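Taking it in order: structure first as structure tokens, then the write-up.
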Number of protein chains: 2
Amino acid sequence: MHTLSPKQRAIRLRERRILDLALPILASGGLSALSMDAIAEQIQTAKGTIYNHFANKEEILLALAVKAVERRLSLFQQAIAMPGNSRDRVAAVGIACEIYADHFPEMFHMENLIRHENVLEKTSPRRQEVLTGCEGRCMLTVAGVIREASMAGDLQLEPDQKVEDVVLGLWSLVFGGLTLEATSPSLAAIGIEDARRAIRRNCNAMLDGLRWRPLYQADRYQAWIGQVRKHLIQRVQADRERENEPTL
Amino acid sequence: MHTLSPKQRAIRLRERRILDLALPILASGGLSALSMDAIAEQIQTAKGTIYNHFANKEEILLALAVKAVERRLSLFQQAIAMPGNSRDRVAAVGIACEIYADHFPEMFHMENLIRHENVLEKTSPRRQEVLTGCEGRCMLTVAGVIREASMAGDLQLEPDQKVEDVVLGLWSLVFGGLTLEATSPSLAAIGIEDARRAIRRNCNAMLDGLRWRPLYQADRYQAWIGQVRKHLIQRVQADRERENEPTL
DNA sequence: TTTTTTTTCTGACGTCTTGTCAAAAGTGAC
DNA sequence: GTCACTTTTGACAAGACGTCAGAAAAAAAA
């Protein structure tokens with residue numbers, strides 16, 4: 001163990017401040033609104049100092065994305081730790097995604113931004129690996145439940161179906177759906193008033209189609225997700241408080 | 001009808017040249033690679049002239065997005081026009097999406113780019129409406145098949161399920177899946193070697209879960225999508241030739 | 001404490017981009 | 001040929017990213 005000098009602590013604190021500050025700017029004004037000069041002014045340092053922390057703007061984005069995926073992973077883990085059968089627990093992960101999108105909308109936005117604007121090209125492979133590793137653990141978390149269901153006989157996959165394929169299906173449906181909800185003006189125009197309900201319903205249809213037992217029962221499901229939502233939101237708020245307190 | 005003067009024709013041609021040129025630049029280098037100076041140089045005009053056509057960079061993006069969605073709509077319409085039962089025809093739309101992503105990858109990329117970078121804010125409502133209108137027609141195309149299936153009794157929706165909800169489900173799954181395939185390095189890392197197959201399989205599971213008859217049969221389905229793919233690719237190539245020819 | 005060494009910070013600067021606009025060039029009617 | 005109108009031009013202002021030599025601060029040594 002190595003104790004930090006006051007100076008080093010100040011530096012760390014500043015790095016955190018940069019990221020905390022960048023997130024809302026980015027969420028509100030998009031990539032172009034996030035200017036290095038603006039950050040420097042807010043943080044009360046010279047622009048050059050920011051470049052001591054991050055080699056370029058893209059590195060800041062990537063650092064934010066890592067924090068975002070860590071958040072998501074934490075929610076996933078709490079979801080699958082809930083007591084219930086295998087199908088209940090994947091459903092819980094779906095709810096975790098919804099809560100993530102609702103409570104950390106800037107982060108949700110970030111993840112998608114990274115995906116489509118070529119930022120990876122300009123960033124260090126080091127941090128890229130951190131991100132993909134974290135994303136991988138998210139998927140493995142879900143894959144674990146599916147594998148478990150498969151072992152227990154709740155879910156019988158055809159020989160050509162792999163556990164990972166089901167992960168992709170759920171991921172596409174939930175993430176795709178939430179993304180469309182957040183970014184498609186035409187959704188409302190076409191007459192979809194509650195996208196969330198539709199997404200959940202379609203997830204259940206998919207799982208039913210795979211014959212993941214027990215099959216969908218409306219009231220049972222409603223009761224369960226109510227419970228999950230309450231639990232996860234509690235945890236989110238606890239995490240929030242825990243983070244704001246310590247000055248590190 | 002009103003005949004165009006040579007000058008006006010030249011102007012129209014230039015506009016088309018701008019868009020044709022912008023697309024590949026954008027696809028390869030991302031939003032930041034697309035510079036007005038670069039376009040002007042390539043087109044052999046002064047930068048100011050570009051601004052006679054488009055008020056800003058975002059307008060160019062939006063114009064490209066419109067062309068992209070028009071392409072997609074055309075493919076959708078050709079897909080549902082194929083002879084087959086209702087379930088076959090939604091499946092055909094799924095294949096249309098795949099072909100779109102494969103044959104017009106820059107356009108596919110564009111649509112997603114528009115979604116996540118705030119470009120709409122800086123563009124004219126006029127063109128925005130064109131885009132959402134076109135996107136809406138895409139969804140209505142799919143909704144039509146679903147409604148038809150529902151009327152024919154192939155698909156029995158619960159009272160709380162709406163046709164549009166099913167559209168959203170399919171859209172999320174296919175578009176989400178294709179997007180993840182194109183942008184997620186961690187997919188391969190997690191052991192998914194054929195994302196397309198997985199997406200198709202999950203779509204079928206979802207439709208089975210909704211009890212859309214006839215239910216999934218592997219060999220029947222394979223034969224059908226082979227047929228669809230062949231037909232649509234033919235049409236794509238025909239369209240391509242038709243476009244290159246006339247100087248307008 | 002004072003001096004030396006090392007680390008960190010600074011902000012003007014070079015370069016690139018977007019978008020503007022007055023002046024120049026082009027177009028067509030009479 | 002002239003005149004009104006449209007289109008094009010490219011220098012220019014504003015602002016952003018990333019750099020780097022020199023200033024300042026911190027740490028180490030004397």
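Letters A, B, ... go to the chains of the structure tokens in the order shown; residues in each chain start at 1; ligands are counted from 1 in the same order.
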
Pull out every residue of chain C sitting within 9 Å of chain A, counting only C-alpha atoms (C1' of nucleotides), and send them as a list in words.
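Listing them in order of chain and number gives DT8, DC9, DT10 and DG11 of chain C.
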
Within 12 Å of chain D, which residues belong to chain A? Use only C-alpha atoms (C1' of nucleotides) and report them as a ChimeraX atom specification.
/A:5-8,32-38,47-52,54-58

Residue subset to file, keeping N, CA and C atoms, as a PDB file, in the first residue's frame:
ATOM      1  N   SER A   5       0.213  11.523  -1.624  1.00  0.00           N
ATOM      2  CA  SER A   5       0.557  12.876  -1.181  1.00  0.00           C
ATOM      3  C   SER A   5      -0.632  13.784  -1.440  1.00  0.00           C
ATOM      4  N   PRO A   6      -0.700  14.915  -0.771  1.00  0.00           N
ATOM      5  CA  PRO A   6      -1.818  15.846  -0.990  1.00  0.00           C
ATOM      6  C   PRO A   6      -1.932  16.222  -2.458  1.00  0.00           C
ATOM      7  N   LYS A   7      -0.805  16.433  -3.061  1.00  0.00           N
ATOM      8  CA  LYS A   7      -0.808  16.801  -4.466  1.00  0.00           C
ATOM      9  C   LYS A   7      -1.473  15.712  -5.322  1.00  0.00           C
ATOM     10  N   GLN A   8      -1.056  14.499  -5.076  1.00  0.00           N
ATOM     11  CA  GLN A   8      -1.611  13.391  -5.853  1.00  0.00           C
ATOM     12  C   GLN A   8      -3.111  13.259  -5.646  1.00  0.00           C
ATOM     13  N   SER A  32     -20.166  17.853 -29.959  1.00  0.00           N
ATOM     14  CA  SER A  32     -19.551  19.123 -30.352  1.00  0.00           C
ATOM     15  C   SER A  32     -19.629  20.161 -29.241  1.00  0.00           C
ATOM     16  N   ALA A  33     -20.538  19.959 -28.305  1.00  0.00           N
ATOM     17  CA  ALA A  33     -20.669  20.948 -27.225  1.00  0.00           C
ATOM     18  C   ALA A  33     -19.551  20.794 -26.193  1.00  0.00           C
ATOM     19  N   LEU A  34     -18.963  19.630 -26.177  1.00  0.00           N
ATOM     20  CA  LEU A  34     -17.923  19.361 -25.177  1.00  0.00           C
ATOM     21  C   LEU A  34     -16.593  19.921 -25.667  1.00  0.00           C
ATOM     22  N   SER A  35     -16.272  21.135 -25.247  1.00  0.00           N
ATOM     23  CA  SER A  35     -15.013  21.717 -25.692  1.00  0.00           C
ATOM     24  C   SER A  35     -13.993  21.724 -24.566  1.00  0.00           C
ATOM     25  N   MET A  36     -12.773  21.494 -24.934  1.00  0.00           N
ATOM     26  CA  MET A  36     -11.711  21.447 -23.947  1.00  0.00           C
ATOM     27  C   MET A  36     -11.584  22.779 -23.227  1.00  0.00           C
ATOM     28  N   ASP A  37     -11.731  23.861 -23.956  1.00  0.00           N
ATOM     29  CA  ASP A  37     -11.670  25.178 -23.323  1.00  0.00           C
ATOM     30  C   ASP A  37     -12.767  25.321 -22.267  1.00  0.00           C
ATOM     31  N   ALA A  38     -13.948  24.868 -22.615  1.00  0.00           N
ATOM     32  CA  ALA A  38     -15.059  24.984 -21.678  1.00  0.00           C
ATOM     33  C   ALA A  38     -14.769  24.194 -20.409  1.00  0.00           C
ATOM     34  N   LYS A  47      -5.906  24.883 -20.110  1.00  0.00           N
ATOM     35  CA  LYS A  47      -6.292  23.773 -20.969  1.00  0.00           C
ATOM     36  C   LYS A  47      -5.235  22.675 -20.983  1.00  0.00           C
ATOM     37  N   GLY A  48      -3.975  23.106 -20.970  1.00  0.00           N
ATOM     38  CA  GLY A  48      -2.894  22.125 -20.997  1.00  0.00           C
ATOM     39  C   GLY A  48      -3.002  21.093 -19.888  1.00  0.00           C
ATOM     40  N   THR A  49      -3.501  21.518 -18.758  1.00  0.00           N
ATOM     41  CA  THR A  49      -3.605  20.598 -17.616  1.00  0.00           C
ATOM     42  C   THR A  49      -4.555  19.446 -17.903  1.00  0.00           C
ATOM     43  N   ILE A  50      -5.624  19.775 -18.611  1.00  0.00           N
ATOM     44  CA  ILE A  50      -6.575  18.714 -18.959  1.00  0.00           C
ATOM     45  C   ILE A  50      -5.852  17.632 -19.755  1.00  0.00           C
ATOM     46  N   TYR A  51      -4.944  18.084 -20.606  1.00  0.00           N
ATOM     47  CA  TYR A  51      -4.224  17.122 -21.447  1.00  0.00           C
ATOM     48  C   TYR A  51      -3.210  16.307 -20.655  1.00  0.00           C
ATOM     49  N   ASN A  52      -2.949  16.704 -19.405  1.00  0.00           N
ATOM     50  CA  ASN A  52      -2.150  15.833 -18.541  1.00  0.00           C
ATOM     51  C   ASN A  52      -2.950  14.607 -18.104  1.00  0.00           C
ATOM     52  N   PHE A  54      -5.896  13.429 -19.907  1.00  0.00           N
ATOM     53  CA  PHE A  54      -6.401  12.687 -21.062  1.00  0.00           C
ATOM     54  C   PHE A  54      -5.702  13.169 -22.331  1.00  0.00           C
ATOM     55  N   ALA A  55      -5.243  12.256 -23.109  1.00  0.00           N
ATOM     56  CA  ALA A  55      -4.455  12.614 -24.293  1.00  0.00           C
ATOM     57  C   ALA A  55      -5.281  13.376 -25.321  1.00  0.00           C
ATOM     58  N   ASN A  56      -6.583  13.171 -25.322  1.00  0.00           N
ATOM     59  CA  ASN A  56      -7.448  13.907 -26.239  1.00  0.00           C
ATOM     60  C   ASN A  56      -8.905  13.766 -25.797  1.00  0.00           C
ATOM     61  N   LYS A  57      -9.747  14.408 -26.538  1.00  0.00           N
ATOM     62  CA  LYS A  57     -11.159  14.416 -26.174  1.00  0.00           C
ATOM     63  C   LYS A  57     -11.730  13.001 -26.148  1.00  0.00           C
ATOM     64  N   GLU A  58     -11.317  12.227 -27.090  1.00  0.00           N
ATOM     65  CA  GLU A  58     -11.860  10.876 -27.193  1.00  0.00           C
ATOM     66  C   GLU A  58     -11.550  10.042 -25.953  1.00  0.00           C
TER      67      GLU A  58
END

Taking 5 positions as the minimum chain separation for residues in the same chain, which residues sit within 7 Å of Val93 (chain A) when counting only C-alpha atoms (C1' of nucleotides)? Answer as an mmCIF file with C-alpha atoms, in the first residue's frame.
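Result written to part_35.cif:
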data_model
loop_
_atom_site.group_PDB
_atom_site.id
_atom_site.type_symbol
_atom_site.label_atom_id
_atom_site.label_comp_id
_atom_site.auth_asym_id
_atom_site.auth_seq_id
_atom_site.Cartn_x
_atom_site.Cartn_y
_atom_site.Cartn_z
ATOM 1 C CA PHE A 76 -26.917 -6.621 -13.826
ATOM 2 C CA ALA A 79 -30.493 -8.250 -10.765
ATOM 3 C CA ILE A 80 -29.359 -11.819 -11.183
#

Do me a favour and pick out the residues of chain A within 6 Å of chain B, using only C-alpha atoms, as a ChimeraX atom specification.
/A:30,113,115-116,118,132,136,165,169,172-173,176-177,183,186,198,202,205-206,208-210

Prev. selection, N, CA and C atoms, output as a JSON list (two decimals), in the first residue's frame:
[["chain", "number", "residue", "atom", "x", "y", "z"],
["A", 30, "GLY", "N", -24.34, 17.27, -26.88],
["A", 30, "GLY", "CA", -23.70, 16.39, -27.84],
["A", 30, "GLY", "C", -22.20, 16.56, -27.89],
["A", 113, "LEU", "N", -23.18, 6.77, -28.19],
["A", 113, "LEU", "CA", -22.37, 7.74, -28.91],
["A", 113, "LEU", "C", -21.04, 7.11, -29.31],
["A", 115, "ARG", "N", -20.35, 4.19, -29.77],
["A", 115, "ARG", "CA", -20.55, 3.14, -30.74],
["A", 115, "ARG", "C", -20.51, 3.66, -32.17],
["A", 116, "HIS", "N", -21.04, 4.84, -32.40],
["A", 116, "HIS", "CA", -21.25, 5.27, -33.77],
["A", 116, "HIS", "C", -20.29, 6.34, -34.26],
["A", 118, "ASN", "N", -16.51, 7.43, -34.64],
["A", 118, "ASN", "CA", -15.26, 6.69, -34.46],
["A", 118, "ASN", "C", -14.37, 7.36, -33.44],
["A", 132, "THR", "N", -14.06, -3.12, -23.39],
["A", 132, "THR", "CA", -14.59, -4.37, -23.92],
["A", 132, "THR", "C", -14.63, -5.45, -22.84],
["A", 136, "GLY", "N", -17.89, -7.30, -21.84],
["A", 136, "GLY", "CA", -17.91, -8.77, -21.85],
["A", 136, "GLY", "C", -18.45, -9.34, -20.56],
["A", 165, "ASP", "N", -26.09, -16.99, -28.29],
["A", 165, "ASP", "CA", -27.08, -16.50, -29.25],
["A", 165, "ASP", "C", -28.29, -15.92, -28.52],
["A", 169, "GLY", "N", -29.85, -12.10, -28.53],
["A", 169, "GLY", "CA", -31.26, -11.81, -28.76],
["A", 169, "GLY", "C", -31.83, -10.87, -27.72],
["A", 172, "SER", "N", -30.17, -7.41, -28.04],
["A", 172, "SER", "CA", -30.67, -6.65, -29.18],
["A", 172, "SER", "C", -32.04, -6.07, -28.89],
["A", 173, "LEU", "N", -32.88, -6.91, -28.36],
["A", 173, "LEU", "CA", -34.27, -6.49, -28.15],
["A", 173, "LEU", "C", -34.36, -5.37, -27.13],
["A", 176, "GLY", "N", -31.84, -2.37, -28.22],
["A", 176, "GLY", "CA", -32.41, -1.79, -29.43],
["A", 176, "GLY", "C", -33.69, -1.04, -29.12],
["A", 177, "GLY", "N", -34.54, -1.64, -28.36],
["A", 177, "GLY", "CA", -35.81, -1.02, -28.03],
["A", 177, "GLY", "C", -35.64, 0.27, -27.25],
["A", 183, "THR", "N", -34.54, 7.75, -29.23],
["A", 183, "THR", "CA", -34.01, 8.52, -30.36],
["A", 183, "THR", "C", -34.92, 8.57, -31.58],
["A", 186, "SER", "N", -40.29, 9.17, -34.70],
["A", 186, "SER", "CA", -41.41, 8.59, -35.44],
["A", 186, "SER", "C", -42.14, 7.53, -34.61],
["A", 198, "ALA", "N", -44.19, -2.54, -24.45],
["A", 198, "ALA", "CA", -44.07, -3.33, -25.68],
["A", 198, "ALA", "C", -42.77, -4.14, -25.66],
["A", 202, "ASN", "N", -42.50, -8.19, -25.76],
["A", 202, "ASN", "CA", -41.80, -8.90, -26.82],
["A", 202, "ASN", "C", -40.69, -9.79, -26.27],
["A", 205, "ALA", "N", -42.38, -12.81, -25.19],
["A", 205, "ALA", "CA", -42.74, -13.63, -26.34],
["A", 205, "ALA", "C", -41.54, -14.43, -26.82],
["A", 206, "MET", "N", -40.40, -13.76, -26.86],
["A", 206, "MET", "CA", -39.20, -14.44, -27.34],
["A", 206, "MET", "C", -38.83, -15.60, -26.42],
["A", 208, "ASP", "N", -40.80, -17.20, -24.43],
["A", 208, "ASP", "CA", -41.81, -18.24, -24.61],
["A", 208, "ASP", "C", -41.50, -19.05, -25.86],
["A", 209, "GLY", "N", -41.11, -18.36, -26.90],
["A", 209, "GLY", "CA", -40.80, -19.05, -28.16],
["A", 209, "GLY", "C", -39.64, -20.01, -27.99],
["A", 210, "LEU", "N", -38.73, -19.68, -27.08],
["A", 210, "LEU", "CA", -37.62, -20.60, -26.79],
["A", 210, "LEU", "C", -38.04, -21.68, -25.80]]

Computed gap from CA of Glu106 (chain B) to CA of Ile11 (chain B) is 24.7 Å

Residue list (alpha helix (DSSP H), DSSP) for region 8-236 of chain A, as a JSON list (two decimals) with C-alpha atoms, in the first residue's frame:
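So the final result, stored in states-v5.json, reads:
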[["chain", "number", "residue", "atom", "x", "y", "z"],
["A", 8, "GLN", "CA", -1.61, 13.39, -5.85],
["A", 9, "ARG", "CA", -4.95, 13.44, -4.14],
["A", 10, "ALA", "CA", -5.73, 16.79, -5.70],
["A", 11, "ILE", "CA", -4.87, 15.41, -9.12],
["A", 12, "ARG", "CA", -7.15, 12.45, -8.70],
["A", 13, "LEU", "CA", -9.89, 14.66, -7.49],
["A", 14, "ARG", "CA", -9.50, 16.84, -10.54],
["A", 15, "GLU", "CA", -9.70, 13.89, -12.87],
["A", 16, "ARG", "CA", -12.94, 12.91, -11.27],
["A", 17, "ARG", "CA", -14.20, 16.46, -11.53],
["A", 18, "ILE", "CA", -13.42, 16.51, -15.23],
["A", 19, "LEU", "CA", -15.46, 13.40, -15.83],
["A", 20, "ASP", "CA", -18.32, 14.50, -13.61],
["A", 21, "LEU", "CA", -18.45, 17.77, -15.44],
["A", 22, "ALA", "CA", -18.12, 16.34, -18.91],
["A", 23, "LEU", "CA", -21.04, 13.96, -18.63],
["A", 24, "PRO", "CA", -23.90, 16.47, -18.38],
["A", 25, "ILE", "CA", -22.34, 18.77, -20.99],
["A", 26, "LEU", "CA", -22.11, 15.88, -23.36],
["A", 27, "ALA", "CA", -25.61, 14.69, -22.68],
["A", 28, "SER", "CA", -27.16, 18.07, -23.27],
["A", 29, "GLY", "CA", -25.20, 19.42, -26.18],
["A", 36, "MET", "CA", -11.71, 21.45, -23.95],
["A", 37, "ASP", "CA", -11.67, 25.18, -23.32],
["A", 38, "ALA", "CA", -15.06, 24.98, -21.68],
["A", 39, "ILE", "CA", -13.96, 22.18, -19.40],
["A", 40, "ALA", "CA", -10.77, 24.00, -18.47],
["A", 41, "GLU", "CA", -12.67, 27.11, -17.58],
["A", 42, "GLN", "CA", -15.17, 25.26, -15.44],
["A", 43, "ILE", "CA", -12.46, 23.32, -13.65],
["A", 47, "LYS", "CA", -6.29, 23.77, -20.97],
["A", 48, "GLY", "CA", -2.89, 22.12, -21.00],
["A", 49, "THR", "CA", -3.60, 20.60, -17.62],
["A", 50, "ILE", "CA", -6.58, 18.71, -18.96],
["A", 51, "TYR", "CA", -4.22, 17.12, -21.45],
["A", 52, "ASN", "CA", -2.15, 15.83, -18.54],
["A", 53, "HIS", "CA", -5.10, 13.66, -17.65],
["A", 57, "LYS", "CA", -11.16, 14.42, -26.17],
["A", 58, "GLU", "CA", -11.86, 10.88, -27.19],
["A", 59, "GLU", "CA", -10.05, 9.54, -24.16],
["A", 60, "ILE", "CA", -12.46, 11.45, -21.99],
["A", 61, "LEU", "CA", -15.36, 9.87, -23.80],
["A", 62, "LEU", "CA", -13.89, 6.45, -23.41],
["A", 63, "ALA", "CA", -13.29, 6.98, -19.71],
["A", 64, "LEU", "CA", -16.91, 8.01, -19.36],
["A", 65, "ALA", "CA", -18.05, 4.97, -21.25],
["A", 66, "VAL", "CA", -16.11, 2.73, -18.92],
["A", 67, "LYS", "CA", -17.81, 4.28, -15.92],
["A", 68, "ALA", "CA", -21.13, 3.81, -17.65],
["A", 69, "VAL", "CA", -20.63, 0.14, -18.38],
["A", 70, "GLU", "CA", -19.43, -0.42, -14.83],
["A", 71, "ARG", "CA", -22.69, 1.01, -13.64],
["A", 72, "ARG", "CA", -24.60, -1.26, -15.92],
["A", 73, "LEU", "CA", -22.62, -4.29, -14.82],
["A", 74, "SER", "CA", -23.31, -3.53, -11.20],
["A", 75, "LEU", "CA", -27.04, -3.35, -11.90],
["A", 76, "PHE", "CA", -26.92, -6.62, -13.83],
["A", 77, "GLN", "CA", -25.19, -8.38, -10.98],
["A", 78, "GLN", "CA", -27.69, -7.14, -8.47],
["A", 79, "ALA", "CA", -30.49, -8.25, -10.77],
["A", 80, "ILE", "CA", -29.36, -11.82, -11.18],
["A", 86, "SER", "CA", -33.96, -18.62, -13.91],
["A", 87, "ARG", "CA", -36.54, -16.95, -16.06],
["A", 88, "ASP", "CA", -37.40, -14.47, -13.35],
["A", 89, "ARG", "CA", -33.77, -13.55, -13.11],
["A", 90, "VAL", "CA", -33.23, -12.80, -16.78],
["A", 91, "ALA", "CA", -36.37, -10.73, -16.62],
["A", 92, "ALA", "CA", -34.75, -8.88, -13.76],
["A", 93, "VAL", "CA", -31.81, -8.04, -15.99],
["A", 94, "GLY", "CA", -34.23, -6.53, -18.47],
["A", 95, "ILE", "CA", -35.63, -4.33, -15.74],
["A", 96, "ALA", "CA", -32.08, -3.43, -14.77],
["A", 97, "CYS", "CA", -31.62, -2.10, -18.29],
["A", 98, "GLU", "CA", -34.71, 0.03, -18.00],
["A", 99, "ILE", "CA", -33.57, 1.45, -14.69],
["A", 100, "TYR", "CA", -30.16, 2.12, -16.13],
["A", 101, "ALA", "CA", -31.67, 4.07, -19.01],
["A", 102, "ASP", "CA", -33.94, 5.99, -16.66],
["A", 103, "HIS", "CA", -31.53, 6.82, -13.87],
["A", 105, "PRO", "CA", -29.64, 8.66, -19.17],
["A", 106, "GLU", "CA", -26.40, 10.49, -19.95],
["A", 107, "MET", "CA", -24.51, 7.25, -19.56],
["A", 108, "PHE", "CA", -26.91, 5.40, -21.74],
["A", 109, "HIS", "CA", -26.48, 8.10, -24.32],
["A", 110, "MET", "CA", -22.70, 7.89, -23.99],
["A", 111, "GLU", "CA", -22.55, 4.20, -24.72],
["A", 112, "ASN", "CA", -24.42, 4.73, -27.94],
["A", 113, "LEU", "CA", -22.37, 7.74, -28.91],
["A", 114, "ILE", "CA", -19.11, 5.83, -28.57],
["A", 115, "ARG", "CA", -20.55, 3.14, -30.74],
["A", 116, "HIS", "CA", -21.25, 5.27, -33.77],
["A", 125, "PRO", "CA", -5.76, 0.27, -26.71],
["A", 126, "ARG", "CA", -5.28, 0.10, -22.96],
["A", 127, "ARG", "CA", -8.53, 1.80, -22.14],
["A", 128, "GLN", "CA", -10.30, 0.11, -25.02],
["A", 129, "GLU", "CA", -9.56, -3.25, -23.46],
["A", 130, "VAL", "CA", -10.98, -2.07, -20.18],
["A", 131, "LEU", "CA", -14.18, -1.19, -21.94],
["A", 132, "THR", "CA", -14.59, -4.37, -23.92],
["A", 133, "GLY", "CA", -13.65, -6.39, -20.87],
["A", 134, "CYS", "CA", -16.34, -4.71, -18.85],
["A", 135, "GLU", "CA", -18.87, -5.11, -21.61],
["A", 136, "GLY", "CA", -17.91, -8.77, -21.85],
["A", 137, "ARG", "CA", -18.56, -9.27, -18.18],
["A", 138, "CYS", "CA", -22.02, -7.81, -18.65],
["A", 139, "MET", "CA", -22.76, -10.40, -21.28],
["A", 140, "LEU", "CA", -21.25, -13.20, -19.26],
["A", 141, "THR", "CA", -23.51, -12.29, -16.39],
["A", 142, "VAL", "CA", -26.54, -12.87, -18.55],
["A", 143, "ALA", "CA", -24.99, -15.91, -20.19],
["A", 144, "GLY", "CA", -24.55, -17.42, -16.74],
["A", 145, "VAL", "CA", -28.25, -17.35, -16.04],
["A", 146, "ILE", "CA", -29.06, -18.84, -19.40],
["A", 147, "ARG", "CA", -26.55, -21.61, -18.98],
["A", 148, "GLU", "CA", -27.95, -22.30, -15.55],
["A", 149, "ALA", "CA", -31.46, -22.50, -16.97],
["A", 150, "SER", "CA", -30.20, -24.84, -19.61],
["A", 151, "MET", "CA", -28.54, -27.10, -17.04],
["A", 152, "ALA", "CA", -31.63, -27.11, -14.84],
["A", 163, "VAL", "CA", -26.20, -19.76, -25.01],
["A", 164, "GLU", "CA", -24.51, -16.71, -26.49],
["A", 165, "ASP", "CA", -27.08, -16.50, -29.25],
["A", 166, "VAL", "CA", -29.80, -16.04, -26.68],
["A", 167, "VAL", "CA", -27.74, -13.35, -24.99],
["A", 168, "LEU", "CA", -27.53, -11.52, -28.27],
["A", 169, "GLY", "CA", -31.26, -11.81, -28.76],
["A", 170, "LEU", "CA", -32.12, -10.33, -25.40],
["A", 171, "TRP", "CA", -29.49, -7.68, -25.72],
["A", 172, "SER", "CA", -30.67, -6.65, -29.18],
["A", 173, "LEU", "CA", -34.27, -6.49, -28.15],
["A", 174, "VAL", "CA", -33.82, -4.54, -24.93],
["A", 175, "PHE", "CA", -31.00, -2.29, -25.98],
["A", 176, "GLY", "CA", -32.41, -1.79, -29.43],
["A", 177, "GLY", "CA", -35.81, -1.02, -28.03],
["A", 178, "LEU", "CA", -34.58, 1.44, -25.45],
["A", 179, "THR", "CA", -32.43, 3.15, -28.04],
["A", 180, "LEU", "CA", -35.30, 3.50, -30.44],
["A", 181, "GLU", "CA", -37.50, 4.83, -27.69],
["A", 182, "ALA", "CA", -34.92, 7.46, -26.85],
["A", 183, "THR", "CA", -34.01, 8.52, -30.36],
["A", 185, "PRO", "CA", -39.38, 10.72, -33.11],
["A", 186, "SER", "CA", -41.41, 8.59, -35.44],
["A", 187, "LEU", "CA", -42.23, 6.10, -32.68],
["A", 188, "ALA", "CA", -44.86, 8.30, -31.13],
["A", 189, "ALA", "CA", -46.06, 9.35, -34.57],
["A", 195, "ALA", "CA", -42.58, 1.53, -25.65],
["A", 196, "ARG", "CA", -41.38, -0.07, -22.43],
["A", 197, "ARG", "CA", -44.41, -2.25, -22.07],
["A", 198, "ALA", "CA", -44.07, -3.33, -25.68],
["A", 199, "ILE", "CA", -40.42, -4.23, -25.20],
["A", 200, "ARG", "CA", -41.11, -6.29, -22.11],
["A", 201, "ARG", "CA", -43.96, -8.02, -23.84],
["A", 202, "ASN", "CA", -41.80, -8.90, -26.82],
["A", 203, "CYS", "CA", -39.04, -10.19, -24.58],
["A", 204, "ASN", "CA", -41.51, -12.52, -22.96],
["A", 205, "ALA", "CA", -42.74, -13.63, -26.34],
["A", 206, "MET", "CA", -39.20, -14.44, -27.34],
["A", 207, "LEU", "CA", -38.52, -16.42, -24.20],
["A", 208, "ASP", "CA", -41.81, -18.24, -24.61],
["A", 209, "GLY", "CA", -40.80, -19.05, -28.16],
["A", 218, "ALA", "CA", -49.18, -11.65, -16.94],
["A", 219, "ASP", "CA", -49.99, -11.14, -13.29],
["A", 220, "ARG", "CA", -47.14, -13.21, -11.95],
["A", 221, "TYR", "CA", -44.75, -11.27, -14.16],
["A", 222, "GLN", "CA", -46.14, -7.89, -13.16],
["A", 223, "ALA", "CA", -45.75, -8.70, -9.49],
["A", 224, "TRP", "CA", -42.18, -9.84, -10.01],
["A", 225, "ILE", "CA", -40.98, -6.82, -11.94],
["A", 226, "GLY", "CA", -42.59, -4.53, -9.41],
["A", 227, "GLN", "CA", -40.48, -6.20, -6.77],
["A", 228, "VAL", "CA", -37.33, -6.07, -8.87],
["A", 229, "ARG", "CA", -37.78, -2.45, -9.74],
["A", 230, "LYS", "CA", -38.23, -1.45, -6.15],
["A", 231, "HIS", "CA", -35.16, -3.36, -5.06],
["A", 232, "LEU", "CA", -32.90, -2.06, -7.78],
["A", 233, "ILE", "CA", -33.93, 1.54, -7.38],
["A", 234, "GLN", "CA", -33.16, 1.27, -3.71],
["A", 235, "ARG", "CA", -29.70, 0.03, -4.55],
["A", 236, "VAL", "CA", -29.16, 2.77, -7.07]]
